[in-house]
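The next block is start-v5.cif, given as mmCIF, C-alpha atoms.
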```cif
data_upload
#
loop_
_atom_site.group_PDB
_atom_site.id
_atom_site.type_symbol
_atom_site.label_atom_id
_atom_site.label_comp_id
_atom_site.auth_asym_id
_atom_site.auth_seq_id
_atom_site.Cartn_x
_atom_site.Cartn_y
_atom_site.Cartn_z
ATOM 1 C CA HIS A 1 121.020 115.541 125.264
ATOM 2 C CA ASP A 2 124.518 116.910 125.678
ATOM 3 C CA LEU A 3 124.677 119.974 123.444
ATOM 4 C CA PRO A 4 127.341 120.287 120.711
ATOM 5 C CA ASP A 5 129.935 123.059 120.907
ATOM 6 C CA GLY A 6 128.476 126.469 120.098
ATOM 7 C CA ILE A 7 124.872 125.493 120.878
ATOM 8 C CA ALA A 8 124.695 125.655 124.688
ATOM 9 C CA GLY A 9 123.369 128.980 125.934
ATOM 10 C CA MET A 10 122.508 130.205 122.442
ATOM 11 C CA LYS A 11 119.357 132.216 121.786
ATOM 12 C CA MET A 12 117.206 130.802 118.972
ATOM 13 C CA PRO A 13 113.950 132.028 117.397
ATOM 14 C CA PHE A 14 110.992 129.776 118.180
ATOM 15 C CA GLY A 15 107.281 130.405 117.749
ATOM 16 C CA THR A 16 103.922 130.021 119.462
ATOM 17 C CA ILE A 17 100.490 129.269 117.976
ATOM 18 C CA ILE A 18 97.770 131.035 119.974
ATOM 19 C CA GLU A 19 93.973 130.631 119.931
ATOM 20 C CA TYR A 20 91.800 133.474 121.217
ATOM 21 C CA ASP A 21 88.087 133.560 121.961
ATOM 22 C CA GLU A 22 85.756 136.290 120.674
ATOM 23 C CA LYS A 23 86.704 138.510 123.630
ATOM 24 C CA GLY A 24 90.433 138.269 122.948
ATOM 25 C CA LYS A 25 91.175 135.871 125.793
ATOM 26 C CA VAL A 26 93.829 133.212 125.204
ATOM 27 C CA ILE A 27 92.116 129.818 125.377
ATOM 28 C CA TRP A 28 94.806 127.602 123.828
ATOM 29 C CA TYR A 29 98.430 127.810 122.779
ATOM 30 C CA TRP A 30 101.289 125.619 121.631
ATOM 31 C CA LYS A 31 104.964 126.538 121.909
ATOM 32 C CA SER A 32 107.362 124.975 119.419
ATOM 33 C CA ILE A 33 110.141 124.968 122.006
ATOM 34 C CA SER A 34 108.223 122.196 123.777
ATOM 35 C CA TYR A 35 108.769 120.030 120.700
ATOM 36 C CA PHE A 36 112.357 121.004 119.930
ATOM 37 C CA LYS A 37 113.659 120.507 123.477
ATOM 38 C CA GLY A 38 115.437 117.178 123.421
ATOM 39 C CA SER A 39 114.758 116.688 119.684
ATOM 40 C CA ASP A 40 117.142 115.930 116.845
ATOM 41 C CA LEU A 41 117.513 119.688 116.194
ATOM 42 C CA ILE A 42 120.767 119.739 118.166
ATOM 43 C CA TYR A 43 122.338 117.628 115.394
ATOM 44 C CA TYR A 44 121.346 120.043 112.615
ATOM 45 C CA ASN A 45 124.305 121.539 110.747
ATOM 46 C CA ASN A 46 123.813 124.855 108.968
ATOM 47 C CA PRO A 47 125.004 124.834 105.329
ATOM 48 C CA ASP A 48 127.160 127.894 106.061
ATOM 49 C CA ASN A 49 128.598 126.295 109.216
ATOM 50 C CA SER A 50 126.996 129.018 111.317
ATOM 51 C CA PRO A 51 126.097 127.986 114.880
ATOM 52 C CA VAL A 52 122.815 129.923 114.620
ATOM 53 C CA ILE A 53 119.752 127.706 114.152
ATOM 54 C CA ASP A 54 116.591 129.366 112.841
ATOM 55 C CA ALA A 55 113.633 127.268 113.973
ATOM 56 C CA HIS A 56 110.954 129.914 113.437
ATOM 57 C CA GLU A 57 107.470 128.905 112.299
ATOM 58 C CA ASN A 58 106.521 130.372 108.938
ATOM 59 C CA ALA A 59 103.074 128.817 108.408
ATOM 60 C CA PHE A 60 100.443 126.656 110.057
ATOM 61 C CA PHE A 61 97.134 125.104 109.012
ATOM 62 C CA PHE A 62 94.300 124.101 111.358
ATOM 63 C CA ASP A 63 92.219 121.161 110.130
ATOM 64 C CA GLU A 64 89.348 121.726 112.544
ATOM 65 C CA GLN A 65 87.310 118.731 111.377
ATOM 66 C CA ALA A 66 90.197 116.288 111.844
ATOM 67 C CA GLY A 67 91.452 117.980 115.001
ATOM 68 C CA THR A 68 94.987 118.400 113.673
ATOM 69 C CA ILE A 69 97.389 121.287 113.060
ATOM 70 C CA TYR A 70 100.214 121.344 110.521
ATOM 71 C CA VAL A 71 103.168 123.574 111.419
ATOM 72 C CA SER A 72 105.888 124.544 108.930
ATOM 73 C CA PHE A 73 109.511 125.368 109.768
ATOM 74 C CA LYS A 74 111.091 126.798 106.642
ATOM 75 C CA ASP A 75 114.790 126.820 107.440
ATOM 76 C CA LEU A 76 114.659 123.237 108.707
ATOM 77 C CA SER A 77 112.578 122.023 105.719
ATOM 78 C CA ARG A 78 110.268 120.351 108.223
ATOM 79 C CA ILE A 79 106.531 120.091 108.868
ATOM 80 C CA ILE A 80 105.073 118.598 112.010
ATOM 81 C CA LYS A 81 101.499 117.450 112.577
ATOM 82 C CA LEU A 82 99.913 118.121 115.961
ATOM 83 C CA LYS A 83 96.870 116.669 117.680
ATOM 84 C CA TYR A 84 94.432 119.398 118.735
ATOM 85 C CA PRO A 85 93.826 120.295 121.517
ATOM 86 C CA GLU A 86 96.239 117.875 123.207
ATOM 87 C CA GLY A 87 99.261 119.446 121.465
ATOM 88 C CA ASN A 88 101.220 116.209 121.076
ATOM 89 C CA VAL A 89 103.175 115.524 117.888
ATOM 90 C CA LEU A 90 101.541 112.931 115.615
ATOM 91 C CA LYS A 91 103.923 113.050 112.644
ATOM 92 C CA VAL A 92 107.211 114.625 111.615
ATOM 93 C CA TYR A 93 107.703 115.290 107.896
ATOM 94 C CA GLY A 94 111.204 116.091 106.712
ATOM 95 C CA GLU A 95 114.749 114.935 107.361
ATOM 96 C CA ILE A 96 115.598 113.683 110.842
ATOM 97 C CA TYR A 97 119.083 114.851 111.797
ATOM 98 C CA LYS A 98 121.612 112.445 113.273
ATOM 99 C CA PRO A 99 124.944 113.048 115.012
ATOM 100 C CA GLY A 100 127.853 113.148 112.592
ATOM 101 C CA VAL A 101 125.616 112.671 109.537
ATOM 102 C CA PRO A 102 125.636 115.559 106.996
ATOM 103 C CA GLU A 103 122.299 117.046 105.959
ATOM 104 C CA LYS A 104 121.010 115.418 102.762
ATOM 105 C CA GLY A 105 117.423 116.733 102.419
ATOM 106 C CA ASN A 106 114.118 114.898 102.361
ATOM 107 C CA GLY A 107 113.834 114.631 98.567
ATOM 108 C CA LEU A 108 110.322 116.124 98.429
ATOM 109 C CA PHE A 109 110.512 119.798 99.424
ATOM 110 C CA CYS A 110 112.801 122.397 100.965
ATOM 111 C CA PHE A 111 112.402 125.882 102.466
ATOM 112 C CA GLN A 112 108.644 125.456 102.088
ATOM 113 C CA HIS A 113 105.820 127.898 102.812
ATOM 114 C CA SER A 114 102.059 127.633 103.104
ATOM 115 C CA CYS A 115 101.442 124.028 104.195
ATOM 116 C CA LYS A 116 97.774 123.025 103.928
ATOM 117 C CA ARG A 117 95.444 120.030 103.558
ATOM 118 C CA SER A 118 93.460 119.649 100.338
ATOM 119 C CA SER A 119 89.794 118.740 99.886
ATOM 120 C CA GLN A 120 90.961 115.224 98.940
ATOM 121 C CA GLY A 121 92.936 114.865 102.154
ATOM 122 C CA TYR A 122 96.404 115.454 100.714
ATOM 123 C CA MET A 123 98.989 117.692 102.344
ATOM 124 C CA TYR A 124 100.201 120.338 99.921
ATOM 125 C CA LEU A 125 102.641 123.227 100.112
ATOM 126 C CA PHE A 126 104.561 125.891 98.249
ATOM 127 C CA ASN A 127 108.029 124.471 97.614
ATOM 128 C CA ASN A 128 110.635 127.240 97.401
ATOM 129 C CA ASN A 129 113.002 124.570 96.062
ATOM 130 C CA ASP A 130 116.185 126.469 97.000
ATOM 131 C CA CYS A 131 118.061 123.213 97.513
ATOM 132 C CA ARG A 132 117.523 122.323 93.828
ATOM 133 C CA ARG A 133 118.613 125.519 92.068
ATOM 134 C CA PRO A 134 118.369 126.360 89.221
ATOM 135 C CA HIS A 135 114.971 124.598 89.395
ATOM 136 C CA SER A 136 112.035 126.947 89.815
ATOM 137 C CA PRO A 137 109.796 126.952 92.886
ATOM 138 C CA GLY A 138 106.603 124.924 92.663
ATOM 139 C CA ILE A 139 103.768 123.082 94.360
ATOM 140 C CA VAL A 140 103.982 119.604 95.876
ATOM 141 C CA MET A 141 100.951 117.553 96.924
ATOM 142 C CA MET A 142 101.570 114.483 99.088
ATOM 143 C CA GLU A 143 99.680 111.581 100.582
ATOM 144 C CA GLU A 144 100.325 110.909 104.264
ATOM 145 C CA LEU A 145 101.240 107.270 104.827
ATOM 146 C CA SER A 146 101.045 105.205 107.997
ATOM 147 C CA SER A 147 104.571 103.855 107.547
ATOM 148 C CA GLN A 148 107.190 105.440 109.782
ATOM 149 C CA GLN A 149 109.913 104.691 107.242
ATOM 150 C CA ASP A 150 108.201 106.358 104.266
ATOM 151 C CA ASN A 151 105.573 108.674 105.709
ATOM 152 C CA LEU A 152 104.917 110.811 102.605
ATOM 153 C CA LYS A 153 104.203 109.914 98.984
ATOM 154 C CA LYS A 154 104.213 112.554 96.258
ATOM 155 C CA VAL A 155 100.991 112.403 94.236
ATOM 156 C CA TRP A 156 101.173 115.671 92.262
ATOM 157 C CA GLU A 157 103.833 118.264 91.507
ATOM 158 C CA TYR A 158 103.948 121.480 89.526
ATOM 159 C CA GLU A 159 107.044 123.532 88.714
ATOM 160 C CA CYS A 160 106.126 127.173 88.226
ATOM 161 C CA PRO A 161 107.277 128.627 84.891
ATOM 162 C CA VAL A 162 109.368 131.789 85.174
ATOM 163 C CA ASP A 163 111.092 133.968 82.602
ATOM 164 C CA GLU A 164 114.652 132.602 82.387
ATOM 165 C CA MET A 165 116.361 135.962 81.757
ATOM 166 C CA TYR A 166 114.451 137.569 84.615
ATOM 167 C CA LYS A 167 115.069 134.530 86.804
ATOM 168 C CA GLU A 168 118.836 134.781 86.394
ATOM 169 C CA LYS A 169 118.847 138.541 86.927
ATOM 170 C CA MET A 170 116.747 138.396 90.082
ATOM 171 C CA LEU A 171 118.586 135.426 91.554
ATOM 172 C CA GLN A 172 121.850 137.309 91.206
ATOM 173 C CA LYS A 173 120.258 140.295 92.948
ATOM 174 C CA TYR A 174 118.791 138.324 95.842
ATOM 175 C CA ILE A 175 121.389 135.580 96.201
ATOM 176 C CA LYS A 176 123.326 137.730 98.667
ATOM 177 C CA GLN A 177 120.296 137.738 100.948
ATOM 178 C CA GLY A 178 120.296 133.955 101.155
ATOM 179 C CA THR A 179 117.266 131.890 100.239
ATOM 180 C CA SER A 180 114.104 133.007 98.488
ATOM 181 C CA ARG A 181 111.298 134.275 100.700
ATOM 182 C CA GLY A 182 107.571 133.717 100.930
ATOM 183 C CA GLY A 183 105.270 132.063 98.424
ATOM 184 C CA ASN A 184 101.694 130.878 98.811
ATOM 185 C CA VAL A 185 99.255 128.322 97.406
ATOM 186 C CA ILE A 186 95.502 128.081 98.026
ATOM 187 C CA GLU A 187 93.170 125.359 96.738
ATOM 188 C CA LEU A 188 90.031 126.828 95.152
ATOM 189 C CA PRO A 189 86.547 125.230 95.237
ATOM 190 C CA ASP A 190 87.077 123.555 91.831
ATOM 191 C CA GLN A 191 90.413 122.067 93.063
ATOM 192 C CA SER A 192 92.470 124.421 90.919
ATOM 193 C CA LEU A 193 95.250 126.235 92.754
ATOM 194 C CA PHE A 194 95.966 129.919 93.250
ATOM 195 C CA ILE A 195 99.742 130.377 93.349
ATOM 196 C CA SER A 196 101.700 133.389 94.527
ATOM 197 C CA LEU A 197 105.379 133.076 93.721
ATOM 198 C CA CYS A 198 108.055 133.919 96.271
ATOM 199 C CA THR A 199 110.617 136.700 96.226
ATOM 200 C CA PRO A 200 112.437 137.347 93.877
ATOM 201 C CA TYR A 201 109.538 136.546 91.496
ATOM 202 C CA SER A 202 106.300 138.456 90.950
ATOM 203 C CA ASN A 203 103.931 136.043 89.208
ATOM 204 C CA LEU A 204 100.397 135.295 90.378
ATOM 205 C CA SER A 205 98.508 132.483 88.685
ATOM 206 C CA ILE A 206 95.689 129.932 88.816
ATOM 207 C CA VAL A 207 96.545 126.421 87.620
ATOM 208 C CA ASN A 208 94.256 123.396 87.308
ATOM 209 C CA ARG A 209 95.160 119.814 88.196
ATOM 210 C CA ASP A 210 96.035 119.171 84.540
ATOM 211 C CA LYS A 211 98.759 121.832 84.991
ATOM 212 C CA GLU A 212 97.031 124.229 82.618
ATOM 213 C CA ILE A 213 97.423 127.911 83.437
ATOM 214 C CA LEU A 214 93.908 129.364 83.688
ATOM 215 C CA TRP A 215 95.008 132.849 84.678
ATOM 216 C CA ASN A 216 98.327 134.612 85.103
ATOM 217 C CA ALA A 217 99.410 138.093 86.114
ATOM 218 C CA VAL A 218 102.680 139.844 86.901
ATOM 219 C CA ALA A 219 102.695 142.294 89.806
ATOM 220 C CA GLU A 220 104.457 145.552 88.931
ATOM 221 C CA LYS A 221 105.465 148.787 90.618
ATOM 222 C CA TRP A 222 106.316 152.218 89.201
ATOM 223 C CA ASN A 223 109.994 153.164 89.347
ATOM 224 C CA LEU A 224 110.009 156.907 90.056
ATOM 225 C CA ASP A 225 113.684 157.350 89.208
ATOM 226 C CA GLU A 226 113.604 155.519 85.868
ATOM 227 C CA LYS A 227 109.993 156.473 85.036
ATOM 228 C CA LYS A 228 108.935 152.961 84.104
ATOM 229 C CA TRP A 229 107.035 149.936 85.377
ATOM 230 C CA GLU A 230 109.086 147.073 86.768
ATOM 231 C CA MET A 231 108.306 143.713 88.336
ATOM 232 C CA ALA A 232 107.423 143.823 92.034
ATOM 233 C CA PRO A 233 108.778 140.753 93.876
ATOM 234 C CA GLN A 234 106.073 139.088 95.979
ATOM 235 C CA TYR A 235 106.204 137.692 99.495
ATOM 236 C CA ARG A 236 102.775 136.154 99.949
ATOM 237 C CA ALA A 237 99.527 137.051 98.165
ATOM 238 C CA SER A 238 96.095 135.554 98.804
ATOM 239 C CA ILE A 239 92.835 135.432 96.833
ATOM 240 C CA ILE A 240 89.249 136.391 97.677
ATOM 241 C CA TYR A 241 87.316 134.040 95.421
ATOM 242 C CA ASN A 242 83.689 134.972 96.019
ATOM 243 C CA ARG A 243 81.444 137.763 97.291
ATOM 244 C CA LYS A 244 80.811 136.026 100.605
ATOM 245 C CA GLU A 245 84.518 135.996 101.421
ATOM 246 C CA LEU A 246 84.844 139.623 100.351
ATOM 247 C CA GLU A 247 82.011 140.690 102.672
ATOM 248 C CA LYS A 248 83.551 138.633 105.479
ATOM 249 C CA LEU A 249 86.826 140.501 105.014
ATOM 250 C CA ILE A 250 85.102 143.875 105.002
#
```

Output the file's structure as structure tokens, nothing else.
Amino acid sequence: HDLPDGIAGMKMPFGTIIEYDEKGKVIWYWKSISYFKGSDLIYYNNPDNSPVIDAHENAFFFDEQAGTIYVSFKDLSRIIKLKYPEGNVLKVYGEIYKPGVPEKGNGLFCFQHSCKRSSQGYMYLFNNNDCRRPHSPGIVMMEELSSQQDNLKKVWEYECPVDEMYKEKMLQKYIKQGTSRGGNVIELPDQSLFISLCTPYSNLSIVNRDKEILWNAVAEKWNLDEKKWEMAPQYRASIIYNRKELEKLI
């Protein structure tokens, strides 16, 4: 492709997924630049009109049984599905950019983190939801369709409850830094979900498929200057849900 003004010669952050054997030797890798070269990325327009394009990877999930890898690109609101070990792209989930056409979003998720595949075969992710403020972040679970026109169908969604006064206060504090950051979701053996909210929030919770909160906690830190506990914004927390996993970690 001929590159638009301001793009040619520009340095951009890309990522690499690397597989090592037990001796630390690289046995497989995939570079995202191989996908983005010649892709529709050159038509992407930043909301702030900045020529800088951030195509960094912020999450990936390896479905070893299916031989596929899901790779998430937060700032592009895109997830791609790879064939392992061939490395070719099977599916592209998110908006496809076109020359002269303003960005409009994909209508399902934006600035996502933590893309995974559920026990029922659905793709699910933590939806930072920055494009729909003042809506809270949440979880979206989607069925992958064979149609190229409509390749995802939302089957379940959960909007995380947050304290409105705290939400407004923290958004004002972090709005200068751009979008929210982080967030995580992990399906547990009983199909409930462990959710770690993104910065600027600090909630950790477990929610079942009926959207009932089974457990909830607020991470806090001690403010030495003011001598009081205050909420500690989270980036990405995980859960160790049984003794076997704990011993594996140790």

Next item on the list: Spell out the residues picked by the PyMOL selection byres ((chain A and resi 189-200) around 7) here, as a PyMOL selection string.
Entry: chain A and resi 170-171+174+180-188+201-209+233-237

Notebook entry, point to check: Can you list, as a list of chain:residue names, every protein, DNA or RNA residue that comes within 9 Å of A:Lys91 when you count all atoms listed in the file, leaving out same-chain residues fewer than 4 positions away?
Noted result: A:Ile79, A:Ile80, A:Lys81, A:Leu82, A:Gln148, A:Asn151

Margin query: Using all atoms listed in the file for the distances, tell me which of A:Ala59, A:Glu157, A:Val89, A:Ile139 is nearest to A:His113.
Written below: A:Ala59

Check: How would you write, as a list in words, the residues chosen by the PyMOL selection byres ((chain A and resi 18-33) around 10) on this structure?
Finding: Met12, Pro13, Phe14, Gly15, Thr16, Ile17, Ser34, Tyr35, Phe36, Lys37, Gly38, Ser39, Ala55, His56, Glu57, Val71, Phe73, Leu82, Tyr84, Pro85, Glu86, Gly87 and Asn88 of chain A

Note to self: Evaluate the PyMOL selection byres ((chain A and resi 121-126) around 8) against this structure - the residues, as a VMD selection string, please.
What the structure shows: chain A and resid 112 to 120 127 to 128 137 to 144 183 to 185

Write the residues of the preceding selection, restricted to C-alpha atoms, as a PDB file, keeping the file's coordinate frame.
```pdb
ATOM      1  CA  GLN A 112     108.644 125.456 102.088  1.00  0.00           C
ATOM      2  CA  HIS A 113     105.820 127.898 102.812  1.00  0.00           C
ATOM      3  CA  SER A 114     102.059 127.633 103.104  1.00  0.00           C
ATOM      4  CA  CYS A 115     101.442 124.028 104.195  1.00  0.00           C
ATOM      5  CA  LYS A 116      97.774 123.025 103.928  1.00  0.00           C
ATOM      6  CA  ARG A 117      95.444 120.030 103.558  1.00  0.00           C
ATOM      7  CA  SER A 118      93.460 119.649 100.338  1.00  0.00           C
ATOM      8  CA  SER A 119      89.794 118.740  99.886  1.00  0.00           C
ATOM      9  CA  GLN A 120      90.961 115.224  98.940  1.00  0.00           C
ATOM     10  CA  ASN A 127     108.029 124.471  97.614  1.00  0.00           C
ATOM     11  CA  ASN A 128     110.635 127.240  97.401  1.00  0.00           C
ATOM     12  CA  PRO A 137     109.796 126.952  92.886  1.00  0.00           C
ATOM     13  CA  GLY A 138     106.603 124.924  92.663  1.00  0.00           C
ATOM     14  CA  ILE A 139     103.768 123.082  94.360  1.00  0.00           C
ATOM     15  CA  VAL A 140     103.982 119.604  95.876  1.00  0.00           C
ATOM     16  CA  MET A 141     100.951 117.553  96.924  1.00  0.00           C
ATOM     17  CA  MET A 142     101.570 114.483  99.088  1.00  0.00           C
ATOM     18  CA  GLU A 143      99.680 111.581 100.582  1.00  0.00           C
ATOM     19  CA  GLU A 144     100.325 110.909 104.264  1.00  0.00           C
ATOM     20  CA  GLY A 183     105.270 132.063  98.424  1.00  0.00           C
ATOM     21  CA  ASN A 184     101.694 130.878  98.811  1.00  0.00           C
ATOM     22  CA  VAL A 185      99.255 128.322  97.406  1.00  0.00           C
TER      23      VAL A 185
END
```

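Going from atom CA of A:Trp156 to atom CA of A:Tyr97 covers 26.5 Å.
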
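What separates atom CA of A:Lys211 from atom CA of A:Lys153 is a distance of 19.2 Å.
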
Next item on the list: Determine the nearest neighbour of A:Val101 from the options A:Asn45, A:Asn223, A:Asn129, A:Ser77, counting only C-alpha atoms.
Entry: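 Of all the options, A:Asn45 lies closest to A:Val101.
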
Check: atom CA of A:Trp222 and atom CA of A:Pro161, how far apart in Å?
Finding: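 About the pair atom CA of A:Pro161 and atom CA of A:Trp222: they are 24.0 Å apart.
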
Margin query: Between A:Lys244, A:Phe109, A:Ile213, A:Tyr44, which residue has the minimum interatomic distance to A:Cys160, considering only C-alpha atoms?
Written below: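 Answer, going by the shortest atom-to-atom distance: A:Ile213.
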